[in-house]
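Below is start15.cif, holding mmCIF, C-alpha atoms.
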```cif
data_start
loop_
_atom_site.group_PDB
_atom_site.id
_atom_site.type_symbol
_atom_site.label_atom_id
_atom_site.label_comp_id
_atom_site.auth_asym_id
_atom_site.auth_seq_id
_atom_site.Cartn_x
_atom_site.Cartn_y
_atom_site.Cartn_z
ATOM 1 C CA MET P 441 34.256 153.802 11.003
ATOM 2 C CA PHE P 442 37.488 152.942 12.759
ATOM 3 C CA SER P 443 36.074 153.563 16.205
ATOM 4 C CA ASN P 444 33.511 150.822 15.686
ATOM 5 C CA LEU P 445 36.148 148.155 15.345
ATOM 6 C CA ALA P 446 36.516 146.379 18.656
ATOM 7 C CA VAL P 447 40.201 145.728 18.168
ATOM 8 C CA PHE P 448 40.932 149.433 17.926
ATOM 9 C CA GLN P 449 38.790 150.197 20.935
ATOM 10 C CA THR P 450 40.372 147.513 23.027
ATOM 11 C CA SER P 451 43.918 148.398 22.112
ATOM 12 C CA SER P 452 43.443 152.113 22.616
ATOM 13 C CA ALA P 453 41.730 151.480 25.950
ATOM 14 C CA MET P 454 44.675 149.276 26.886
ATOM 15 C CA ALA P 455 47.164 151.989 25.965
ATOM 16 C CA ALA P 456 45.158 154.593 27.882
ATOM 17 C CA HIS P 457 45.070 152.322 30.908
ATOM 18 C CA ALA P 458 48.835 151.899 30.684
ATOM 19 C CA GLY P 459 49.289 155.667 30.603
ATOM 20 C CA GLU P 460 47.050 156.111 33.609
ATOM 21 C CA ARG P 461 48.847 153.483 35.600
ATOM 22 C CA GLN P 462 52.217 154.936 34.637
ATOM 23 C CA SER P 463 51.097 158.259 36.093
ATOM 24 C CA VAL P 464 50.111 156.616 39.388
ATOM 25 C CA ILE P 465 53.426 154.753 39.572
ATOM 26 C CA ALA P 466 55.372 157.948 38.846
ATOM 27 C CA GLN P 467 53.592 159.603 41.759
ATOM 28 C CA ASN P 468 54.453 156.680 44.012
ATOM 29 C CA ILE P 469 58.117 156.851 43.077
ATOM 30 C CA ALA P 470 58.240 160.611 43.466
ATOM 31 C CA ASN P 471 56.832 160.190 46.967
ATOM 32 C CA ALA P 472 59.107 157.286 47.888
ATOM 33 C CA ASP P 473 60.603 159.308 50.754
ATOM 34 C CA THR P 474 57.552 161.292 51.869
ATOM 35 C CA PRO P 475 56.604 160.425 55.451
ATOM 36 C CA GLY P 476 53.167 158.864 55.789
ATOM 37 C CA TYR P 477 52.598 158.368 52.057
ATOM 38 C CA LYS P 478 50.642 155.246 51.111
ATOM 39 C CA ALA P 479 51.432 153.595 47.786
ATOM 40 C CA ARG P 480 48.569 153.655 45.298
ATOM 41 C CA ASP P 481 47.646 151.464 42.398
ATOM 42 C CA ILE P 482 44.828 151.015 39.931
ATOM 43 C CA ALA P 483 43.195 147.783 38.874
ATOM 44 C CA ASP P 484 44.707 145.533 36.220
ATOM 45 C CA PHE P 485 43.514 145.933 32.669
ATOM 46 C CA THR P 486 42.441 142.301 32.532
ATOM 47 C CA ARG P 487 40.245 142.767 35.585
ATOM 48 C CA ILE P 488 38.546 145.803 34.082
ATOM 49 C CA MET P 489 38.099 143.864 30.851
ATOM 50 C CA ARG P 490 36.488 140.999 32.711
ATOM 51 C CA GLN P 491 34.185 143.265 34.681
ATOM 52 C CA SER P 492 32.896 145.040 31.624
ATOM 53 C CA GLY P 493 32.086 141.670 30.033
ATOM 54 C CA ASP P 494 31.452 142.577 26.407
ATOM 55 C CA GLY P 495 33.956 143.963 23.981
ATOM 56 C CA MET P 496 33.170 147.518 25.018
ATOM 57 C CA VAL P 497 36.004 148.490 27.278
ATOM 58 C CA ALA P 498 36.554 151.742 29.078
ATOM 59 C CA THR P 499 39.555 152.222 31.330
ATOM 60 C CA ARG P 500 37.820 155.123 32.954
ATOM 61 C CA GLN P 501 34.237 156.157 32.815
ATOM 62 C CA GLY P 502 34.618 159.214 30.642
ATOM 63 C CA HIS P 503 36.732 157.460 28.092
ATOM 64 C CA ILE P 504 34.171 156.041 25.713
ATOM 65 C CA ARG P 505 30.816 157.116 27.094
ATOM 66 C CA GLY P 506 31.762 160.744 27.512
ATOM 67 C CA GLU P 507 31.157 161.072 31.249
ATOM 68 C CA ALA P 508 33.296 162.993 33.667
ATOM 69 C CA PRO P 509 36.574 161.184 34.296
ATOM 70 C CA ASP P 510 36.762 159.547 37.690
ATOM 71 C CA ILE P 511 40.206 158.148 38.248
ATOM 72 C CA ARG P 512 40.200 158.256 42.033
ATOM 73 C CA ALA P 513 37.353 155.782 42.236
ATOM 74 C CA ARG P 514 39.478 152.833 41.257
ATOM 75 C CA GLU P 515 42.623 153.921 42.992
ATOM 76 C CA SER P 516 43.324 151.708 45.915
ATOM 77 C CA ARG P 517 45.720 152.170 48.784
ATOM 78 C CA ASP P 518 47.282 149.070 50.130
ATOM 79 C CA SER P 519 47.162 149.643 53.872
ATOM 80 C CA GLU P 520 48.458 146.174 54.683
ATOM 81 C CA ALA P 521 51.791 146.683 52.954
ATOM 82 C CA PRO P 522 54.813 146.780 55.246
ATOM 83 C CA SER P 523 55.865 150.327 55.891
ATOM 84 C CA ASP P 524 59.056 152.139 56.722
ATOM 85 C CA PRO P 525 59.496 153.703 60.151
ATOM 86 C CA ASN P 526 58.118 156.931 58.669
ATOM 87 C CA ARG P 527 54.893 155.074 57.674
ATOM 88 C CA ASN P 528 55.730 155.176 53.971
ATOM 89 C CA THR P 529 54.662 152.053 52.087
ATOM 90 C CA VAL P 530 56.367 152.655 48.728
ATOM 91 C CA SER P 531 58.806 149.948 47.679
ATOM 92 C CA LEU P 532 60.987 151.152 44.818
ATOM 93 C CA GLU P 533 61.587 147.612 43.596
ATOM 94 C CA ILE P 534 57.901 146.805 43.317
ATOM 95 C CA GLU P 535 57.165 150.112 41.625
ATOM 96 C CA MET P 536 59.960 149.499 39.110
ATOM 97 C CA MET P 537 58.559 146.077 38.351
ATOM 98 C CA LYS P 538 55.095 147.524 37.868
ATOM 99 C CA SER P 539 56.403 150.250 35.596
ATOM 100 C CA VAL P 540 58.117 147.699 33.362
ATOM 101 C CA ASP P 541 54.825 145.830 33.282
ATOM 102 C CA VAL P 542 53.055 148.987 32.214
ATOM 103 C CA LYS P 543 55.641 149.686 29.550
ATOM 104 C CA ARG P 544 55.198 146.245 28.070
ATOM 105 C CA GLN P 545 51.434 146.574 28.185
ATOM 106 C CA HIS P 546 51.657 149.894 26.371
ATOM 107 C CA ASP P 547 53.999 148.509 23.712
ATOM 108 C CA ARG P 548 51.728 145.537 23.246
ATOM 109 C CA ALA P 549 48.675 147.735 22.832
ATOM 110 C CA LEU P 550 50.457 149.906 20.278
ATOM 111 C CA ALA P 551 51.682 146.855 18.380
ATOM 112 C CA ILE P 552 48.152 145.476 18.190
ATOM 113 C CA TYR P 553 46.847 148.841 17.058
ATOM 114 C CA ARG P 554 49.515 149.132 14.397
ATOM 115 C CA SER P 555 48.946 145.645 13.104
ATOM 116 C CA ALA P 556 45.182 146.174 12.919
ATOM 117 C CA MET P 557 45.852 149.414 11.117
ATOM 118 C CA ASN P 558 48.027 147.566 8.602
ATOM 119 C CA VAL P 559 45.285 145.009 7.971
ATOM 120 C CA LEU P 560 42.779 147.783 7.475
ATOM 121 C CA ARG P 561 45.097 149.628 5.173
ATOM 122 C CA ALA P 562 45.751 146.501 3.118
ATOM 123 C CA SER P 563 42.027 145.902 2.747
ATOM 124 C CA VAL P 564 41.230 149.384 1.494
ATOM 125 C CA SER P 565 44.278 149.978 -0.657
ATOM 126 C CA ARG P 566 43.926 149.466 -4.375
ATOM 127 C CA SER P 567 46.992 147.543 -5.389
ATOM 128 C CA MET M 936 48.170 162.405 26.765
ATOM 129 C CA SER M 937 47.558 164.300 29.984
ATOM 130 C CA GLU M 938 48.346 161.121 31.922
ATOM 131 C CA PHE M 939 51.815 161.205 30.422
ATOM 132 C CA SER M 940 52.295 164.834 31.321
ATOM 133 C CA ASN M 941 51.028 164.093 34.837
ATOM 134 C CA ALA M 942 53.600 161.310 35.110
ATOM 135 C CA LEU M 943 56.334 163.570 33.781
ATOM 136 C CA SER M 944 55.517 166.379 36.196
ATOM 137 C CA ALA M 945 55.358 163.957 39.140
ATOM 138 C CA SER M 946 58.792 162.563 38.235
ATOM 139 C CA THR M 947 60.198 166.058 37.772
ATOM 140 C CA ALA M 948 58.910 167.156 41.174
ATOM 141 C CA GLY M 949 60.494 164.054 42.695
ATOM 142 C CA MET M 950 63.861 164.766 41.081
ATOM 143 C CA LYS M 951 63.722 168.377 42.207
ATOM 144 C CA ALA M 952 62.983 167.386 45.784
ATOM 145 C CA GLN M 953 65.795 164.823 45.829
ATOM 146 C CA ALA M 954 68.217 167.340 44.348
ATOM 147 C CA THR M 955 67.335 169.845 47.073
ATOM 148 C CA ARG M 956 67.881 167.165 49.679
ATOM 149 C CA LEU M 957 71.248 166.291 48.167
ATOM 150 C CA ARG M 958 72.248 169.955 48.237
ATOM 151 C CA HIS M 959 71.516 170.212 51.944
ATOM 152 C CA VAL M 960 73.395 166.992 52.602
ATOM 153 C CA SER M 961 76.435 168.407 50.829
ATOM 154 C CA GLU M 962 76.135 171.620 52.857
ATOM 155 C CA ASN M 963 76.126 169.515 56.006
ATOM 156 C CA ILE M 964 79.151 167.540 54.892
ATOM 157 C CA SER M 965 81.125 170.630 53.957
ATOM 158 C CA ASN M 966 80.378 172.152 57.373
ATOM 159 C CA VAL M 967 81.325 169.091 59.378
ATOM 160 C CA ASP M 968 84.215 170.966 61.037
ATOM 161 C CA THR M 969 82.480 174.327 61.446
ATOM 162 C CA PRO M 970 82.173 175.136 65.169
ATOM 163 C CA GLY M 971 78.559 175.505 66.294
ATOM 164 C CA TYR M 972 77.040 174.252 63.003
ATOM 165 C CA ARG M 973 73.749 172.371 63.300
ATOM 166 C CA ARG M 974 72.911 169.960 60.530
ATOM 167 C CA LYS M 975 70.021 170.894 58.246
ATOM 168 C CA THR M 976 67.207 168.483 57.489
ATOM 169 C CA VAL M 977 64.594 168.837 54.745
ATOM 170 C CA PRO M 978 61.113 167.371 55.234
ATOM 171 C CA PHE M 979 59.289 165.944 52.227
ATOM 172 C CA GLU M 980 55.641 166.849 51.870
ATOM 173 C CA MET M 981 52.808 166.070 49.521
ATOM 174 C CA ARG M 982 51.478 169.115 47.771
ATOM 175 C CA HIS M 983 47.964 168.727 46.441
ATOM 176 C CA SER M 984 47.620 170.660 43.242
ATOM 177 C CA GLN M 985 44.590 172.886 42.789
ATOM 178 C CA MET M 986 43.258 171.416 39.571
ATOM 179 C CA SER M 987 42.842 167.642 39.669
ATOM 180 C CA GLY M 988 46.483 167.193 38.678
ATOM 181 C CA PRO M 989 48.857 164.722 40.269
ATOM 182 C CA ASP M 990 49.911 165.032 43.897
ATOM 183 C CA LEU M 991 53.431 166.355 43.656
ATOM 184 C CA VAL M 992 56.140 165.991 46.224
ATOM 185 C CA SER M 993 57.904 169.078 47.473
ATOM 186 C CA VAL M 994 60.325 169.996 50.221
ATOM 187 C CA GLY M 995 59.067 171.955 53.202
ATOM 188 C CA ARG M 996 60.898 174.419 55.401
ATOM 189 C CA VAL M 997 64.472 173.540 56.221
ATOM 190 C CA ARG M 998 64.832 172.576 59.859
ATOM 191 C CA LEU M 999 67.893 172.457 62.030
ATOM 192 C CA ASP M 1000 68.786 169.351 63.955
ATOM 193 C CA ARG M 1001 68.333 170.309 67.624
ATOM 194 C CA SER M 1002 70.469 167.525 69.018
ATOM 195 C CA ASP M 1003 73.475 168.387 71.175
ATOM 196 C CA LEU M 1004 76.590 169.723 69.542
ATOM 197 C CA ASP M 1005 79.754 167.721 69.735
ATOM 198 C CA ARG M 1006 82.026 168.877 72.595
ATOM 199 C CA ILE M 1007 85.600 168.896 71.373
ATOM 200 C CA TYR M 1008 88.542 169.071 73.744
ATOM 201 C CA ASP M 1009 91.176 171.469 72.426
ATOM 202 C CA PRO M 1010 92.553 173.975 74.968
ATOM 203 C CA SER M 1011 94.606 175.749 72.308
ATOM 204 C CA ASN M 1012 91.527 176.678 70.302
ATOM 205 C CA PRO M 1013 90.504 180.355 70.660
ATOM 206 C CA LEU M 1014 86.879 179.242 71.077
ATOM 207 C CA ALA M 1015 87.649 176.939 74.002
ATOM 208 C CA ASP M 1016 86.025 177.727 77.331
ATOM 209 C CA ASP M 1017 87.490 177.279 80.834
ATOM 210 C CA THR M 1018 87.379 173.490 80.651
ATOM 211 C CA GLY M 1019 89.213 173.481 77.316
ATOM 212 C CA HIS M 1020 86.162 172.341 75.308
ATOM 213 C CA TYR M 1021 84.433 174.046 72.426
ATOM 214 C CA ASP M 1022 81.261 173.278 70.460
ATOM 215 C CA GLY M 1023 81.802 171.468 67.190
ATOM 216 C CA SER M 1024 79.033 170.605 64.722
ATOM 217 C CA ASN M 1025 76.458 167.860 65.206
ATOM 218 C CA VAL M 1026 77.000 166.434 61.727
ATOM 219 C CA ASP M 1027 77.564 162.700 61.596
ATOM 220 C CA LEU M 1028 79.336 161.894 58.346
ATOM 221 C CA MET M 1029 78.044 158.340 58.296
ATOM 222 C CA ILE M 1030 74.435 159.516 58.419
ATOM 223 C CA GLU M 1031 75.029 162.150 55.761
ATOM 224 C CA ILE M 1032 76.636 159.682 53.365
ATOM 225 C CA ALA M 1033 73.775 157.243 53.862
ATOM 226 C CA ASP M 1034 71.293 160.056 53.262
ATOM 227 C CA ALA M 1035 73.124 161.081 50.092
ATOM 228 C CA ARG M 1036 73.005 157.500 48.854
ATOM 229 C CA GLU M 1037 69.292 157.273 49.455
ATOM 230 C CA ALA M 1038 68.713 160.586 47.671
ATOM 231 C CA GLN M 1039 70.748 159.359 44.718
ATOM 232 C CA ARG M 1040 68.860 156.111 44.534
ATOM 233 C CA SER M 1041 65.493 157.869 44.596
ATOM 234 C CA TYR M 1042 66.679 160.382 42.030
ATOM 235 C CA GLU M 1043 67.674 157.573 39.687
ATOM 236 C CA ALA M 1044 64.298 155.909 40.132
ATOM 237 C CA ASN M 1045 62.548 159.150 39.200
ATOM 238 C CA LEU M 1046 64.813 159.634 36.225
ATOM 239 C CA LYS M 1047 64.085 156.128 35.034
ATOM 240 C CA MET M 1048 60.364 156.755 35.241
ATOM 241 C CA PHE M 1049 60.799 159.999 33.323
ATOM 242 C CA GLU M 1050 62.714 158.290 30.529
ATOM 243 C CA GLN M 1051 60.239 155.471 30.347
ATOM 244 C CA THR M 1052 57.242 157.783 30.158
ATOM 245 C CA ARG M 1053 58.901 159.800 27.450
ATOM 246 C CA ASP M 1054 59.657 156.631 25.544
ATOM 247 C CA MET M 1055 56.043 155.509 25.807
ATOM 248 C CA SER M 1056 54.724 158.815 24.548
ATOM 249 C CA SER M 1057 57.164 158.906 21.646
ATOM 250 C CA ARG M 1058 56.111 155.414 20.645
ATOM 251 C CA LEU M 1059 52.527 156.586 20.706
ATOM 252 C CA MET M 1060 53.495 159.419 18.390
ATOM 253 C CA ASP M 1061 55.195 156.940 16.076
ATOM 254 C CA LEU M 1062 51.767 155.490 15.317
ATOM 255 C CA LEU M 1063 50.962 158.654 13.408
ATOM 256 C CA ARG M 1064 54.113 158.531 11.393
ATOM 257 C CA ASN M 1065 53.476 155.614 9.088
#
```
Rewrite the structure from the file as structure tokens, please.
Amino acid sequence: MFSNLAVFQTSSAMAAHAGERQSVIAQNIANADTPGYKARDIADFTRIMRQSGDGMVATRQGHIRGEAPDIRARESRDSEAPSDPNRNTVSLEIEMMKSVDVKRQHDRALAIYRSAMNVLRASVSRS
Amino acid sequence: MSEFSNALSASTAGMKAQATRLRHVSENISNVDTPGYRRKTVPFEMRHSQMSGPDLVSVGRVRLDRSDLDRIYDPSNPLADDTGHYDGSNVDLMIEIADAREAQRSYEANLKMFEQTRDMSSRLMDLLRN
């Protein structure tokens, strides 16, 4: 019953997307001094939302429809970014900014989920 | 949930690599006056994990800096040759300090990511609580 409510789907997809992006950013930061490493990123949640059109949102293919997860497909490497002399394109400042973005997105998704849960709980409770 | 553990293991690998680097920098600094000492350098490498996990960073084999040793003029030194010179180390303190700073900065960035990921996952767990 709960899984059919679009607000739950959207917010949990948003939180899952935040987790995924956090993992990519953590890898970037861990490799900030690795020679030849190219910074990676995955698409914004809003862009994925827009592409999927309807309310049905999946951050990765296996998430809702039960297919094999394919994270690499949407990972992009920015080859145009300025690089260090050792051909590393990670900028700690940009990664930090992105991680704060992700954190806020995750908090927002959880807040929406919690609030929807409260509404649901109020509607089914007796008193 | 596995995304969070991927992020945590990536950050941990990063901190471990930076700590190893910092250890070698401190070895270099402590041996700055050791005759014939060559400074150690640690290369960072990407290690692809077997199962579709995250790509972790790790340190490779320690290499020695092959640049020329410092020739120090001190005829009274027992190591001095006929010209009164002996081989010092090729450690440049300025470079080592800069390297240590960079390692520290990267370590802090990894630590910050670790804390933030842990915070996110604990907030997720809080949803279950009430």
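Distance check against Lys1047 of chain M using all atoms listed in the file: of P:Arg461, P:Lys478, P:Lys543, P:Arg561, the minimum falls on P:Lys543.
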With 8 Å as the limit and counting all atoms listed in the file, what residues in chain P lie close to chain M? Please list them as an MDAnalysis selection string.
chainID P and resid 459:460 462:467 469:475 532 536 539 543 546:547 550 554
Give me the result of the PyMOL selection byres ((chain M and resi 999-1012) around 6) on this file, residue by residue, as a PyMOL selection string.
chain M and resi 973-975+998+1013-1015+1019-1025
Written file, previous selection with C-alpha atoms, as a PDB file, in the coordinates of the input:
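Everything below was put into result.pdb:
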```pdb
ATOM      1  CA  ARG M 973      73.749 172.371  63.300  1.00  0.00           C
ATOM      2  CA  ARG M 974      72.911 169.960  60.530  1.00  0.00           C
ATOM      3  CA  LYS M 975      70.021 170.894  58.246  1.00  0.00           C
ATOM      4  CA  ARG M 998      64.832 172.576  59.859  1.00  0.00           C
ATOM      5  CA  PRO M1013      90.504 180.355  70.660  1.00  0.00           C
ATOM      6  CA  LEU M1014      86.879 179.242  71.077  1.00  0.00           C
ATOM      7  CA  ALA M1015      87.649 176.939  74.002  1.00  0.00           C
ATOM      8  CA  GLY M1019      89.213 173.481  77.316  1.00  0.00           C
ATOM      9  CA  HIS M1020      86.162 172.341  75.308  1.00  0.00           C
ATOM     10  CA  TYR M1021      84.433 174.046  72.426  1.00  0.00           C
ATOM     11  CA  ASP M1022      81.261 173.278  70.460  1.00  0.00           C
ATOM     12  CA  GLY M1023      81.802 171.468  67.190  1.00  0.00           C
ATOM     13  CA  SER M1024      79.033 170.605  64.722  1.00  0.00           C
ATOM     14  CA  ASN M1025      76.458 167.860  65.206  1.00  0.00           C
TER      15      ASN M1025
END
```
Can you work out the spacing between atom CA of Gln1039 of chain M and atom CA of Ser1057 of chain M in Å, to one decimal?
26.8 Å
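One finds atom CA of Met454 of chain P at 19.6 Å from atom CA of Leu560 of chain P.
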Pairwise distance, atom CA of Val447 of chain P with atom CA of Ala549 of chain P, equals 9.9 Å
I'd like to see the residues matched by the PyMOL selection byres ((chain P and resi 529) around 10) on this file, and ideally I'd get them as an NGL selection string.
:P and (468 or 471-480 or 517-528 or 530-532)
Within 10 Å of (44.2, 147.1, 14.4) in the file's own coordinates, which protein, DNA or RNA residues have an atom, counting all atoms listed in the file? List them as a count of residues only.
22
Can you list, as a ChimeraX atom specification, the residues that the PyMOL selection byres ((chain M and resi 965) around 12) selects here?
/M:958-964,966-969,972,974-975,1024,1026-1028,1031-1032
Could you take the residues named above and write them with C-alpha atoms, as a compact mmCIF listing (two decimals), in the frame of the given file?
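selection_22.txt, freshly written:
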```txt
# COMPACT_ATOMS: atom_id res chain seq x y z
CA ARG M 958 72.25 169.96 48.24
CA HIS M 959 71.52 170.21 51.94
CA VAL M 960 73.40 166.99 52.60
CA SER M 961 76.44 168.41 50.83
CA GLU M 962 76.14 171.62 52.86
CA ASN M 963 76.13 169.52 56.01
CA ILE M 964 79.15 167.54 54.89
CA ASN M 966 80.38 172.15 57.37
CA VAL M 967 81.32 169.09 59.38
CA ASP M 968 84.22 170.97 61.04
CA THR M 969 82.48 174.33 61.45
CA TYR M 972 77.04 174.25 63.00
CA ARG M 974 72.91 169.96 60.53
CA LYS M 975 70.02 170.89 58.25
CA SER M 1024 79.03 170.60 64.72
CA VAL M 1026 77.00 166.43 61.73
CA ASP M 1027 77.56 162.70 61.60
CA LEU M 1028 79.34 161.89 58.35
CA GLU M 1031 75.03 162.15 55.76
CA ILE M 1032 76.64 159.68 53.36
```
Padding 3 Å on each side, edges along x, y and z: where is the centre of the box around the listed atoms of segment 483-488 of chain P, and how long are its edges in Å to one decimal? Output it as lines of an AutoDock Vina configuration file.
```
center_x = 41.6
center_y = 145.0
center_z = 35.7
size_x = 12.2
size_y = 11.5
size_z = 12.3
```
Using the incomplete input, complete segment 527-538 of chain P to the level of N, CA, C and O atoms; output as a CSV table (one decimal), in the frame of the given file.
```csv
chain,number,residue,atom,x,y,z
P,527,ARG,N,56.2,155.5,58.1
P,527,ARG,CA,54.9,155.1,57.7
P,527,ARG,C,54.7,155.2,56.2
P,527,ARG,O,53.7,155.5,55.7
P,528,ASN,N,55.8,155.1,55.4
P,528,ASN,CA,55.7,155.2,54.0
P,528,ASN,C,55.7,153.7,53.4
P,528,ASN,O,56.5,152.9,53.9
P,529,THR,N,54.8,153.4,52.5
P,529,THR,CA,54.7,152.1,52.1
P,529,THR,C,55.2,151.8,50.7
P,529,THR,O,54.9,150.8,50.1
P,530,VAL,N,55.9,152.8,50.1
P,530,VAL,CA,56.4,152.7,48.7
P,530,VAL,C,57.6,151.8,48.7
P,530,VAL,O,58.5,152.0,49.5
P,531,SER,N,57.6,150.7,47.9
P,531,SER,CA,58.8,149.9,47.7
P,531,SER,C,59.3,150.2,46.3
P,531,SER,O,58.6,149.9,45.3
P,532,LEU,N,60.5,150.8,46.1
P,532,LEU,CA,61.0,151.2,44.8
P,532,LEU,C,61.1,150.0,43.9
P,532,LEU,O,60.8,150.1,42.7
P,533,GLU,N,61.4,148.8,44.4
P,533,GLU,CA,61.6,147.6,43.6
P,533,GLU,C,60.3,147.2,43.0
P,533,GLU,O,60.2,146.9,41.8
P,534,ILE,N,59.2,147.2,43.8
P,534,ILE,CA,57.9,146.8,43.3
P,534,ILE,C,57.4,147.8,42.3
P,534,ILE,O,56.8,147.5,41.3
P,535,GLU,N,57.6,149.1,42.6
P,535,GLU,CA,57.2,150.1,41.6
P,535,GLU,C,57.9,150.0,40.3
P,535,GLU,O,57.3,150.1,39.2
P,536,MET,N,59.2,149.7,40.3
P,536,MET,CA,60.0,149.5,39.1
P,536,MET,C,59.4,148.3,38.3
P,536,MET,O,59.2,148.4,37.1
P,537,MET,N,59.1,147.3,39.0
P,537,MET,CA,58.6,146.1,38.4
P,537,MET,C,57.2,146.4,37.7
P,537,MET,O,57.0,146.0,36.5
P,538,LYS,N,56.4,147.2,38.4
P,538,LYS,CA,55.1,147.5,37.9
P,538,LYS,C,55.3,148.4,36.7
P,538,LYS,O,54.5,148.3,35.7
```
